[in-house]
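Structure file upload.tsv (TSV, C-alpha atoms) is printed below.
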```tsv
chain	number	residue	atom	x	y	z
A	27	MET	CA	-4.86	-1.19	-13.01
A	28	ILE	CA	-1.35	0.38	-12.88
A	29	LYS	CA	0.87	1.41	-15.75
A	30	VAL	CA	4.34	2.78	-15.06
A	31	SER	CA	5.83	4.20	-18.26
A	32	ASN	CA	9.47	5.32	-18.66
A	33	VAL	CA	9.66	6.56	-15.07
A	34	SER	CA	12.94	7.94	-13.78
A	35	HIS	CA	13.55	9.78	-10.52
A	36	GLU	CA	16.37	11.49	-8.69
A	37	PHE	CA	16.93	13.36	-5.45
A	38	GLU	CA	18.82	16.61	-4.97
A	39	ILE	CA	21.10	16.60	-1.93
A	40	GLY	CA	22.83	19.63	-0.42
A	41	LYS	CA	22.39	23.37	-0.22
A	42	LYS	CA	21.62	25.75	-3.05
A	43	GLY	CA	24.63	26.09	-5.33
A	44	GLN	CA	26.17	22.90	-3.95
A	45	LYS	CA	23.52	20.35	-4.88
A	46	ASN	CA	24.37	16.78	-5.76
A	47	ILE	CA	22.03	14.79	-7.99
A	48	ILE	CA	21.41	11.22	-6.77
A	49	PRO	CA	19.72	9.01	-9.41
A	50	VAL	CA	17.27	6.58	-7.78
A	51	LEU	CA	15.14	5.08	-10.57
A	52	LYS	CA	16.04	4.67	-14.24
A	53	ASN	CA	13.49	4.12	-17.01
A	54	ILE	CA	11.05	1.90	-15.10
A	55	ASN	CA	8.30	0.22	-17.14
A	56	PHE	CA	5.72	-2.32	-15.98
A	57	VAL	CA	1.99	-2.98	-15.82
A	58	VAL	CA	-0.13	-4.42	-13.01
A	59	LYS	CA	-3.37	-5.97	-14.25
A	60	LYS	CA	-6.65	-5.98	-12.38
A	61	GLY	CA	-6.88	-8.85	-9.87
A	62	GLU	CA	-3.14	-9.55	-9.75
A	63	ILE	CA	-0.81	-9.75	-6.79
A	64	VAL	CA	2.50	-8.26	-7.96
A	65	THR	CA	5.56	-8.10	-5.71
A	66	ILE	CA	8.47	-5.72	-6.21
A	67	VAL	CA	11.65	-6.99	-4.61
A	68	GLY	CA	15.06	-5.50	-4.05
A	69	ARG	CA	17.68	-4.74	-1.45
A	70	SER	CA	17.58	-1.69	0.77
A	71	GLY	CA	18.48	1.32	-1.37
A	72	SER	CA	17.43	-0.32	-4.64
A	73	GLY	CA	14.68	2.27	-5.22
A	74	LYS	CA	11.63	0.10	-4.54
A	75	SER	CA	10.21	2.30	-1.75
A	76	THR	CA	10.73	5.42	-3.86
A	77	LEU	CA	8.78	3.69	-6.63
A	78	LEU	CA	5.91	3.00	-4.24
A	79	ASN	CA	5.91	6.65	-3.11
A	80	LEU	CA	5.70	7.73	-6.75
A	81	ILE	CA	2.77	5.40	-7.44
A	82	SER	CA	1.09	6.60	-4.21
A	83	GLY	CA	1.45	10.24	-5.26
A	84	PHE	CA	3.67	11.25	-2.33
A	85	LEU	CA	6.39	12.05	-4.89
A	86	LYS	CA	6.21	13.20	-8.50
A	87	PRO	CA	8.46	11.45	-11.04
A	88	LYS	CA	11.13	13.59	-12.68
A	89	GLU	CA	10.40	11.79	-15.95
A	90	GLY	CA	7.71	9.43	-17.26
A	91	GLU	CA	4.07	8.74	-16.51
A	92	ILE	CA	2.09	6.77	-13.94
A	93	TRP	CA	-1.47	5.66	-14.70
A	94	ILE	CA	-3.92	4.11	-12.20
A	95	GLN	CA	-7.35	2.96	-13.40
A	96	ASN	CA	-6.83	4.82	-16.69
A	97	GLU	CA	-6.12	8.09	-14.85
A	98	LEU	CA	-2.81	9.89	-15.47
A	99	VAL	CA	-2.16	10.33	-11.75
A	100	SER	CA	1.40	11.63	-12.15
A	101	ASN	CA	-0.15	14.87	-13.47
A	102	PHE	CA	-2.49	15.27	-10.49
A	103	SER	CA	-2.15	18.18	-8.10
A	104	GLU	CA	-1.42	17.29	-4.48
A	105	GLY	CA	-5.05	17.93	-3.49
A	106	LYS	CA	-6.49	15.92	-6.36
A	107	PHE	CA	-4.22	12.97	-5.56
A	108	ALA	CA	-5.24	13.12	-1.89
A	109	ASP	CA	-8.89	12.74	-2.95
A	110	PHE	CA	-7.95	9.94	-5.35
A	111	ARG	CA	-6.09	8.04	-2.61
A	112	LEU	CA	-9.02	8.33	-0.24
A	113	ASN	CA	-11.45	6.88	-2.78
A	114	HIS	CA	-9.37	4.40	-4.77
A	115	LEU	CA	-6.32	3.21	-2.81
A	116	GLY	CA	-5.67	1.26	0.37
A	117	PHE	CA	-2.32	1.20	2.16
A	118	ILE	CA	-0.58	-1.34	4.40
A	119	PHE	CA	2.64	-0.25	6.11
A	120	GLN	CA	5.41	-2.14	7.90
A	121	SER	CA	5.01	0.07	10.98
A	122	PHE	CA	1.18	-0.18	10.82
A	123	GLN	CA	0.75	3.65	10.99
A	124	LEU	CA	-2.09	3.38	13.49
A	125	ILE	CA	-2.99	6.40	15.61
A	126	PRO	CA	-2.03	5.37	19.18
A	127	SER	CA	-4.65	7.53	20.89
A	128	MET	CA	-7.46	5.88	18.90
A	129	THR	CA	-9.02	2.45	19.44
A	130	ALA	CA	-8.99	-0.20	16.72
A	131	TYR	CA	-12.56	0.82	15.86
A	132	GLN	CA	-11.66	4.52	15.60
A	133	ASN	CA	-8.59	3.83	13.46
A	134	VAL	CA	-10.64	1.81	10.99
A	135	GLU	CA	-13.52	4.30	11.01
A	136	LEU	CA	-11.31	7.33	10.26
A	137	PRO	CA	-11.31	7.13	6.42
A	138	LEU	CA	-15.12	7.09	6.45
A	139	ILE	CA	-15.16	10.24	8.59
A	140	LEU	CA	-12.82	11.90	6.08
A	141	LYS	CA	-15.21	10.89	3.30
A	142	GLY	CA	-18.15	12.47	5.15
A	143	ILE	CA	-20.05	9.20	5.69
A	144	GLY	CA	-22.88	9.40	8.26
A	145	GLU	CA	-22.44	7.92	11.74
A	146	LYS	CA	-24.91	5.03	11.34
A	147	GLU	CA	-23.41	3.88	8.05
A	148	ARG	CA	-19.91	4.29	9.47
A	149	GLU	CA	-20.75	2.02	12.39
A	150	GLN	CA	-22.18	-0.68	10.14
A	151	GLN	CA	-19.25	-0.65	7.71
A	152	THR	CA	-16.60	-0.49	10.43
A	153	LYS	CA	-18.04	-3.44	12.35
A	154	GLU	CA	-18.39	-5.46	9.14
A	155	ILE	CA	-14.73	-4.93	8.26
A	156	LEU	CA	-13.53	-5.66	11.82
A	157	THR	CA	-15.54	-8.88	11.69
A	158	LYS	CA	-13.93	-9.77	8.35
A	159	VAL	CA	-10.42	-9.44	9.81
A	160	GLY	CA	-11.41	-11.25	13.01
A	161	LEU	CA	-11.03	-8.31	15.38
A	162	LEU	CA	-14.56	-7.25	16.32
A	163	ASP	CA	-13.97	-8.42	19.90
A	164	PHE	CA	-10.92	-6.13	20.05
A	165	GLN	CA	-12.60	-3.00	18.66
A	166	ASP	CA	-12.18	-1.04	21.91
A	167	HIS	CA	-8.50	-1.91	22.31
A	168	TYR	CA	-5.77	0.66	21.64
A	169	PRO	CA	-2.83	-0.29	19.36
A	170	SER	CA	-0.54	-0.73	22.38
A	171	GLU	CA	-2.94	-3.39	23.68
A	172	LEU	CA	-2.77	-5.44	20.47
A	173	SER	CA	-0.16	-7.88	19.16
A	174	GLY	CA	1.81	-7.05	16.01
A	175	GLY	CA	-0.37	-9.34	13.94
A	176	GLN	CA	-3.54	-7.77	15.34
A	177	GLN	CA	-2.24	-4.27	14.64
A	178	GLN	CA	-1.49	-5.22	11.06
A	179	ARG	CA	-5.02	-6.60	10.69
A	180	VAL	CA	-6.39	-3.28	11.96
A	181	SER	CA	-4.21	-1.62	9.32
A	182	ILE	CA	-5.67	-3.94	6.67
A	183	ALA	CA	-9.21	-3.25	7.90
A	184	ARG	CA	-8.54	0.48	7.57
A	185	ALA	CA	-7.26	-0.12	4.03
A	186	LEU	CA	-10.36	-2.16	3.16
A	187	ILE	CA	-12.94	0.21	4.66
A	188	VAL	CA	-13.17	2.39	1.51
A	189	ASN	CA	-13.59	-0.71	-0.66
A	190	PRO	CA	-10.48	0.05	-2.75
A	191	PRO	CA	-9.78	-1.81	-5.99
A	192	LEU	CA	-6.04	-1.51	-5.29
A	193	ILE	CA	-3.95	-1.95	-2.14
A	194	LEU	CA	-0.32	-0.82	-1.96
A	195	ALA	CA	1.75	-2.56	0.71
A	196	ASP	CA	5.20	-1.51	1.91
A	197	GLU	CA	7.03	-4.38	3.66
A	198	PRO	CA	3.72	-5.50	5.24
A	199	THR	CA	5.29	-8.37	7.22
A	200	GLY	CA	8.49	-6.58	8.24
A	201	SER	CA	7.44	-6.18	11.87
A	202	LEU	CA	5.91	-9.64	12.28
A	203	ASP	CA	7.24	-13.01	13.45
A	204	SER	CA	7.35	-15.88	10.96
A	205	GLU	CA	4.09	-17.52	12.06
A	206	THR	CA	2.16	-14.25	12.00
A	207	GLU	CA	3.75	-13.41	8.64
A	208	GLU	CA	2.42	-16.65	7.17
A	209	ASP	CA	-1.08	-15.94	8.51
A	210	LEU	CA	-1.02	-12.44	7.02
A	211	LEU	CA	0.13	-13.67	3.60
A	212	ASP	CA	-2.66	-16.27	3.60
A	213	PHE	CA	-5.09	-13.49	4.45
A	214	ILE	CA	-3.85	-11.30	1.57
A	215	ILE	CA	-4.25	-14.22	-0.86
A	216	GLN	CA	-7.79	-14.80	0.44
A	217	LEU	CA	-8.71	-11.12	0.04
A	218	ASN	CA	-7.42	-11.20	-3.50
A	219	LYS	CA	-9.39	-14.34	-4.28
A	220	ASP	CA	-12.65	-13.40	-2.53
A	221	LEU	CA	-12.82	-9.67	-3.25
A	222	GLY	CA	-10.73	-9.37	-6.41
A	223	ILE	CA	-8.50	-6.71	-4.84
A	224	THR	CA	-5.30	-5.96	-6.74
A	225	PHE	CA	-2.15	-5.89	-4.59
A	226	LEU	CA	1.22	-4.27	-5.27
A	227	ILE	CA	3.62	-5.34	-2.52
A	228	ILE	CA	7.11	-3.95	-1.88
A	229	THR	CA	9.36	-6.40	-0.05
A	230	HIS	CA	12.87	-7.70	0.44
A	231	ASP	CA	11.51	-10.94	1.97
A	232	GLU	CA	11.73	-13.96	-0.34
A	233	LYS	CA	8.68	-15.62	1.22
A	234	VAL	CA	6.56	-12.52	0.63
A	235	ALA	CA	7.89	-12.20	-2.92
A	236	GLN	CA	6.61	-15.68	-3.78
A	237	VAL	CA	3.03	-14.72	-2.92
A	238	GLY	CA	2.65	-12.73	-6.12
A	239	ASN	CA	1.42	-13.81	-9.52
A	240	ARG	CA	4.44	-11.90	-10.77
A	241	MET	CA	7.67	-10.72	-9.20
A	242	ILE	CA	9.60	-7.67	-10.38
A	243	GLU	CA	13.19	-7.35	-9.18
A	244	ILE	CA	14.80	-3.92	-8.93
A	245	VAL	CA	18.58	-3.60	-8.73
A	246	ASP	CA	20.27	-0.19	-8.45
A	247	GLY	CA	17.17	1.63	-9.64
A	248	SER	CA	16.50	-0.50	-12.72
A	249	ILE	CA	14.29	-3.51	-13.37
A	250	LYS	CA	16.60	-6.49	-13.58
A	251	GLU	CA	14.08	-9.26	-13.99
A	252	GLU	CA	10.34	-9.87	-14.17
A	253	VAL	CA	9.14	-13.39	-13.30
A	254	GLY	CA	5.65	-14.72	-14.01
A	255	GLN	CA	2.88	-14.01	-16.49
```

Representation of the structure as structure tokens:
Amino acid sequence: MIKVSNVSHEFEIGKKGQKNIIPVLKNINFVVKKGEIVTIVGRSGSGKSTLLNLISGFLKPKEGEIWIQNELVSNFSEGKFADFRLNHLGFIFQSFQLIPSMTAYQNVELPLILKGIGEKEREQQTKEILTKVGLLDFQDHYPSELSGGQQQRVSIARALIVNPPLILADEPTGSLDSETEEDLLDFIIQLNKDLGITFLIITHDEKVAQVGNRMIEIVDGSIKEEVGQ
């Protein structure tokens, strides 16, 4: 599903002629197999979020290759990767990334509009997904009218609406209380089991890290340890 091969990355800080090179990732190699839940753990500043941005196509690696579903995505143009994300990837963010002026229904429906799906089919798919995450009764509520857990479920519904084989999650429980966090992790496990969705989850939370079939620890931009099969 994902292959990260000899990936290194750095950022340039400062003005022209006075740039400092800040290494962030060093020779990263790992594979995520179809149907797995893999967690990437590390402290703040370890490089794990940069790695997720590279896999998501929001950054291009300075060195190495990234493959998703046998496609060399690290060579994609920005436009081609945008199309690939829309059709193949789902995203769950710590801050939910919902549009505040849109209802739960409209937030979930948006990817289908971007894909050019007709109104009738959009309505059917959106209501099916909202039912799946237990929020059909809240479809007309705005994000500010929903709890943190409900907002994250809207975010998950939006990720699921395009039927992606892979979901990338960045600290998905970071804004949730412990009880809601546990409910969300159970839900992710159920989605993986029932729908076969592959998850790559970035986290610094030990409880979240244990959800995965495998755990990859990043320290100072390098893989320190990989646990699991």

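If you measure from each of A:Leu51, A:Leu186, A:Ala235, A:Leu140 to A:Gly90 using all atoms listed in the file, the closest one turns out to be A:Leu51.
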
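In this comparison, which uses only C-alpha atoms, the residue of A:Val64, A:Leu77, A:Leu136, A:Val30 approaching A:Val234 most closely is A:Val64.
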
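Our summary of the geometry notes that atom CA of A:Lys45 is positioned 22.4 Å from atom CA of A:Asn79.
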
Within 12 Å of stretch 143-154 of chain A: each stretch 159-205 of chain A residue with its shortest pair, all atoms listed in the file, as a tab-separated table:
```
residue	atom	partner	partner_atom	distance
A:Val159	CA	A:Glu154	CA	8.9
A:Gly160	CA	A:Glu154	CA	9.9
A:Leu161	CA	A:Lys153	CA	9.1
A:Leu162	CA	A:Lys153	CA	6.5
A:Asp163	CA	A:Lys153	CA	9.9
A:Phe164	CA	A:Lys153	CA	10.8
A:Gln165	CA	A:Lys153	CA	8.3
A:Asp166	CA	A:Lys153	CA	11.5
A:Val180	CA	A:Thr152	CA	10.7
A:Ala183	CA	A:Thr152	CA	8.3
A:Arg184	CA	A:Thr152	CA	8.6
A:Ala185	CA	A:Thr152	CA	11.3
A:Leu186	CA	A:Thr152	CA	9.7
A:Ile187	CA	A:Thr152	CA	6.9
A:Val188	CA	A:Gln151	CA	9.2
A:Asn189	CA	A:Gln151	CA	10.1
```

**Report entry** Separation of atom CA of A:Leu210 from atom CA of A:Gly61, in Å and rounded to one decimal
**Finding:** 18.2 Å

Counting all atoms listed in the file, find the residues whose atoms lie at most 10 Å from (11.7, 0.0, -0.9) (file coordinates) and write them out as a PDB file with C-alpha atoms, in the frame of the given file.
```pdb
ATOM      1  CA  ILE A  66       8.470  -5.720  -6.210  1.00  0.00           C
ATOM      2  CA  VAL A  67      11.650  -6.990  -4.610  1.00  0.00           C
ATOM      3  CA  GLY A  68      15.060  -5.500  -4.050  1.00  0.00           C
ATOM      4  CA  ARG A  69      17.680  -4.740  -1.450  1.00  0.00           C
ATOM      5  CA  SER A  70      17.580  -1.690   0.770  1.00  0.00           C
ATOM      6  CA  GLY A  71      18.480   1.320  -1.370  1.00  0.00           C
ATOM      7  CA  SER A  72      17.430  -0.320  -4.640  1.00  0.00           C
ATOM      8  CA  GLY A  73      14.680   2.270  -5.220  1.00  0.00           C
ATOM      9  CA  LYS A  74      11.630   0.100  -4.540  1.00  0.00           C
ATOM     10  CA  SER A  75      10.210   2.300  -1.750  1.00  0.00           C
ATOM     11  CA  THR A  76      10.730   5.420  -3.860  1.00  0.00           C
ATOM     12  CA  LEU A  77       8.780   3.690  -6.630  1.00  0.00           C
ATOM     13  CA  LEU A  78       5.910   3.000  -4.240  1.00  0.00           C
ATOM     14  CA  ASN A  79       5.910   6.650  -3.110  1.00  0.00           C
ATOM     15  CA  ASP A 196       5.200  -1.510   1.910  1.00  0.00           C
ATOM     16  CA  GLU A 197       7.030  -4.380   3.660  1.00  0.00           C
ATOM     17  CA  ILE A 227       3.620  -5.340  -2.520  1.00  0.00           C
ATOM     18  CA  ILE A 228       7.110  -3.950  -1.880  1.00  0.00           C
ATOM     19  CA  THR A 229       9.360  -6.400  -0.050  1.00  0.00           C
ATOM     20  CA  HIS A 230      12.870  -7.700   0.440  1.00  0.00           C
ATOM     21  CA  ILE A 244      14.800  -3.920  -8.930  1.00  0.00           C
TER      22      ILE A 244
END
```

A:Val237 environment, 10 Å, only C-alpha atoms, sequence neighbours closer than 2 positions dropped, as an mmCIF file with C-alpha atoms, in the coordinates of the input:
```cif
data_model
loop_
_atom_site.group_PDB
_atom_site.id
_atom_site.type_symbol
_atom_site.label_atom_id
_atom_site.label_comp_id
_atom_site.auth_asym_id
_atom_site.auth_seq_id
_atom_site.Cartn_x
_atom_site.Cartn_y
_atom_site.Cartn_z
ATOM 1 C CA ILE A 63 -0.810 -9.750 -6.790
ATOM 2 C CA VAL A 64 2.500 -8.260 -7.960
ATOM 3 C CA THR A 65 5.560 -8.100 -5.710
ATOM 4 C CA LEU A 211 0.130 -13.670 3.600
ATOM 5 C CA ASP A 212 -2.660 -16.270 3.600
ATOM 6 C CA ILE A 214 -3.850 -11.300 1.570
ATOM 7 C CA ILE A 215 -4.250 -14.220 -0.860
ATOM 8 C CA ILE A 227 3.620 -5.340 -2.520
ATOM 9 C CA GLU A 232 11.730 -13.960 -0.340
ATOM 10 C CA LYS A 233 8.680 -15.620 1.220
ATOM 11 C CA VAL A 234 6.560 -12.520 0.630
ATOM 12 C CA ALA A 235 7.890 -12.200 -2.920
ATOM 13 C CA ASN A 239 1.420 -13.810 -9.520
ATOM 14 C CA ARG A 240 4.440 -11.900 -10.770
ATOM 15 C CA MET A 241 7.670 -10.720 -9.200
#
```

Dump stretch 53-77 of chain A with N, CA, C and O atoms to a file, as a PDB file, in the first residue's frame.
```pdb
ATOM      1  N   ASN A  53      17.176   9.084   5.707  1.00  0.00           N
ATOM      2  CA  ASN A  53      17.169   7.717   5.174  1.00  0.00           C
ATOM      3  C   ASN A  53      16.061   6.847   5.782  1.00  0.00           C
ATOM      4  O   ASN A  53      16.316   5.817   6.398  1.00  0.00           O
ATOM      5  N   ILE A  54      14.821   7.269   5.577  1.00  0.00           N
ATOM      6  CA  ILE A  54      13.660   6.561   6.119  1.00  0.00           C
ATOM      7  C   ILE A  54      13.233   5.461   5.155  1.00  0.00           C
ATOM      8  O   ILE A  54      13.040   5.702   3.958  1.00  0.00           O
ATOM      9  N   ASN A  55      13.051   4.259   5.684  1.00  0.00           N
ATOM     10  CA  ASN A  55      12.599   3.110   4.899  1.00  0.00           C
ATOM     11  C   ASN A  55      11.554   2.319   5.686  1.00  0.00           C
ATOM     12  O   ASN A  55      11.819   1.918   6.817  1.00  0.00           O
ATOM     13  N   PHE A  56      10.384   2.120   5.100  1.00  0.00           N
ATOM     14  CA  PHE A  56       9.402   1.209   5.683  1.00  0.00           C
ATOM     15  C   PHE A  56       8.307   0.932   4.663  1.00  0.00           C
ATOM     16  O   PHE A  56       8.175   1.627   3.655  1.00  0.00           O
ATOM     17  N   VAL A  57       7.526  -0.102   4.937  1.00  0.00           N
ATOM     18  CA  VAL A  57       6.427  -0.503   4.067  1.00  0.00           C
ATOM     19  C   VAL A  57       5.167  -0.645   4.916  1.00  0.00           C
ATOM     20  O   VAL A  57       5.224  -1.138   6.056  1.00  0.00           O
ATOM     21  N   VAL A  58       4.038  -0.198   4.386  1.00  0.00           N
ATOM     22  CA  VAL A  58       2.737  -0.425   5.009  1.00  0.00           C
ATOM     23  C   VAL A  58       1.947  -1.334   4.072  1.00  0.00           C
ATOM     24  O   VAL A  58       1.719  -0.992   2.913  1.00  0.00           O
ATOM     25  N   LYS A  59       1.556  -2.490   4.572  1.00  0.00           N
ATOM     26  CA  LYS A  59       0.832  -3.454   3.743  1.00  0.00           C
ATOM     27  C   LYS A  59      -0.674  -3.180   3.768  1.00  0.00           C
ATOM     28  O   LYS A  59      -1.191  -2.593   4.712  1.00  0.00           O
ATOM     29  N   LYS A  60      -1.334  -3.632   2.727  1.00  0.00           N
ATOM     30  CA  LYS A  60      -2.776  -3.462   2.616  1.00  0.00           C
ATOM     31  C   LYS A  60      -3.484  -4.091   3.823  1.00  0.00           C
ATOM     32  O   LYS A  60      -3.193  -5.216   4.218  1.00  0.00           O
ATOM     33  N   GLY A  61      -4.416  -3.340   4.422  1.00  0.00           N
ATOM     34  CA  GLY A  61      -5.198  -3.852   5.544  1.00  0.00           C
ATOM     35  C   GLY A  61      -4.552  -3.679   6.901  1.00  0.00           C
ATOM     36  O   GLY A  61      -5.146  -4.046   7.920  1.00  0.00           O
ATOM     37  N   GLU A  62      -3.371  -3.082   6.956  1.00  0.00           N
ATOM     38  CA  GLU A  62      -2.696  -2.862   8.241  1.00  0.00           C
ATOM     39  C   GLU A  62      -3.143  -1.549   8.894  1.00  0.00           C
ATOM     40  O   GLU A  62      -3.621  -0.635   8.224  1.00  0.00           O
ATOM     41  N   ILE A  63      -2.961  -1.501  10.214  1.00  0.00           N
ATOM     42  CA  ILE A  63      -2.952  -0.230  10.936  1.00  0.00           C
ATOM     43  C   ILE A  63      -1.520  -0.051  11.430  1.00  0.00           C
ATOM     44  O   ILE A  63      -1.037  -0.843  12.243  1.00  0.00           O
ATOM     45  N   VAL A  64      -0.831   0.954  10.917  1.00  0.00           N
ATOM     46  CA  VAL A  64       0.549   1.224  11.314  1.00  0.00           C
ATOM     47  C   VAL A  64       0.590   2.582  12.002  1.00  0.00           C
ATOM     48  O   VAL A  64       0.030   3.565  11.490  1.00  0.00           O
ATOM     49  N   THR A  65       1.226   2.641  13.160  1.00  0.00           N
ATOM     50  CA  THR A  65       1.367   3.905  13.873  1.00  0.00           C
ATOM     51  C   THR A  65       2.824   4.354  13.818  1.00  0.00           C
ATOM     52  O   THR A  65       3.741   3.540  13.936  1.00  0.00           O
ATOM     53  N   ILE A  66       3.013   5.641  13.628  1.00  0.00           N
ATOM     54  CA  ILE A  66       4.342   6.248  13.658  1.00  0.00           C
ATOM     55  C   ILE A  66       4.392   7.158  14.870  1.00  0.00           C
ATOM     56  O   ILE A  66       3.589   8.090  14.990  1.00  0.00           O
ATOM     57  N   VAL A  67       5.299   6.871  15.781  1.00  0.00           N
ATOM     58  CA  VAL A  67       5.353   7.593  17.052  1.00  0.00           C
ATOM     59  C   VAL A  67       6.662   8.355  17.163  1.00  0.00           C
ATOM     60  O   VAL A  67       7.676   7.996  16.570  1.00  0.00           O
ATOM     61  N   GLY A  68       6.621   9.407  17.943  1.00  0.00           N
ATOM     62  CA  GLY A  68       7.814  10.208  18.184  1.00  0.00           C
ATOM     63  C   GLY A  68       7.445  11.493  18.885  1.00  0.00           C
ATOM     64  O   GLY A  68       6.301  11.930  18.855  1.00  0.00           O
ATOM     65  N   ARG A  69       8.432  12.084  19.528  1.00  0.00           N
ATOM     66  CA  ARG A  69       8.218  13.353  20.219  1.00  0.00           C
ATOM     67  C   ARG A  69       8.001  14.479  19.214  1.00  0.00           C
ATOM     68  O   ARG A  69       8.292  14.349  18.032  1.00  0.00           O
ATOM     69  N   SER A  70       7.512  15.609  19.723  1.00  0.00           N
ATOM     70  CA  SER A  70       7.384  16.796  18.901  1.00  0.00           C
ATOM     71  C   SER A  70       8.758  17.165  18.347  1.00  0.00           C
ATOM     72  O   SER A  70       9.749  17.192  19.078  1.00  0.00           O
ATOM     73  N   GLY A  71       8.823  17.415  17.035  1.00  0.00           N
ATOM     74  CA  GLY A  71      10.098  17.760  16.413  1.00  0.00           C
ATOM     75  C   GLY A  71      10.892  16.572  15.913  1.00  0.00           C
ATOM     76  O   GLY A  71      11.979  16.744  15.358  1.00  0.00           O
ATOM     77  N   SER A  72      10.338  15.364  16.059  1.00  0.00           N
ATOM     78  CA  SER A  72      11.072  14.164  15.637  1.00  0.00           C
ATOM     79  C   SER A  72      11.049  13.976  14.125  1.00  0.00           C
ATOM     80  O   SER A  72      11.853  13.218  13.577  1.00  0.00           O
ATOM     81  N   GLY A  73      10.117  14.635  13.439  1.00  0.00           N
ATOM     82  CA  GLY A  73      10.016  14.519  11.985  1.00  0.00           C
ATOM     83  C   GLY A  73       8.810  13.737  11.503  1.00  0.00           C
ATOM     84  O   GLY A  73       8.601  13.593  10.299  1.00  0.00           O
ATOM     85  N   LYS A  74       7.982  13.249  12.440  1.00  0.00           N
ATOM     86  CA  LYS A  74       6.870  12.382  12.037  1.00  0.00           C
ATOM     87  C   LYS A  74       5.809  13.125  11.224  1.00  0.00           C
ATOM     88  O   LYS A  74       5.259  12.571  10.267  1.00  0.00           O
ATOM     89  N   SER A  75       5.511  14.377  11.569  1.00  0.00           N
ATOM     90  CA  SER A  75       4.515  15.131  10.805  1.00  0.00           C
ATOM     91  C   SER A  75       5.045  15.502   9.426  1.00  0.00           C
ATOM     92  O   SER A  75       4.296  15.513   8.441  1.00  0.00           O
ATOM     93  N   THR A  76       6.331  15.805   9.341  1.00  0.00           N
ATOM     94  CA  THR A  76       6.949  16.054   8.029  1.00  0.00           C
ATOM     95  C   THR A  76       6.829  14.819   7.159  1.00  0.00           C
ATOM     96  O   THR A  76       6.516  14.908   5.962  1.00  0.00           O
ATOM     97  N   LEU A  77       7.052  13.651   7.746  1.00  0.00           N
ATOM     98  CA  LEU A  77       6.929  12.395   7.001  1.00  0.00           C
ATOM     99  C   LEU A  77       5.513  12.229   6.453  1.00  0.00           C
ATOM    100  O   LEU A  77       5.322  11.850   5.292  1.00  0.00           O
TER     101      LEU A  77
END
```
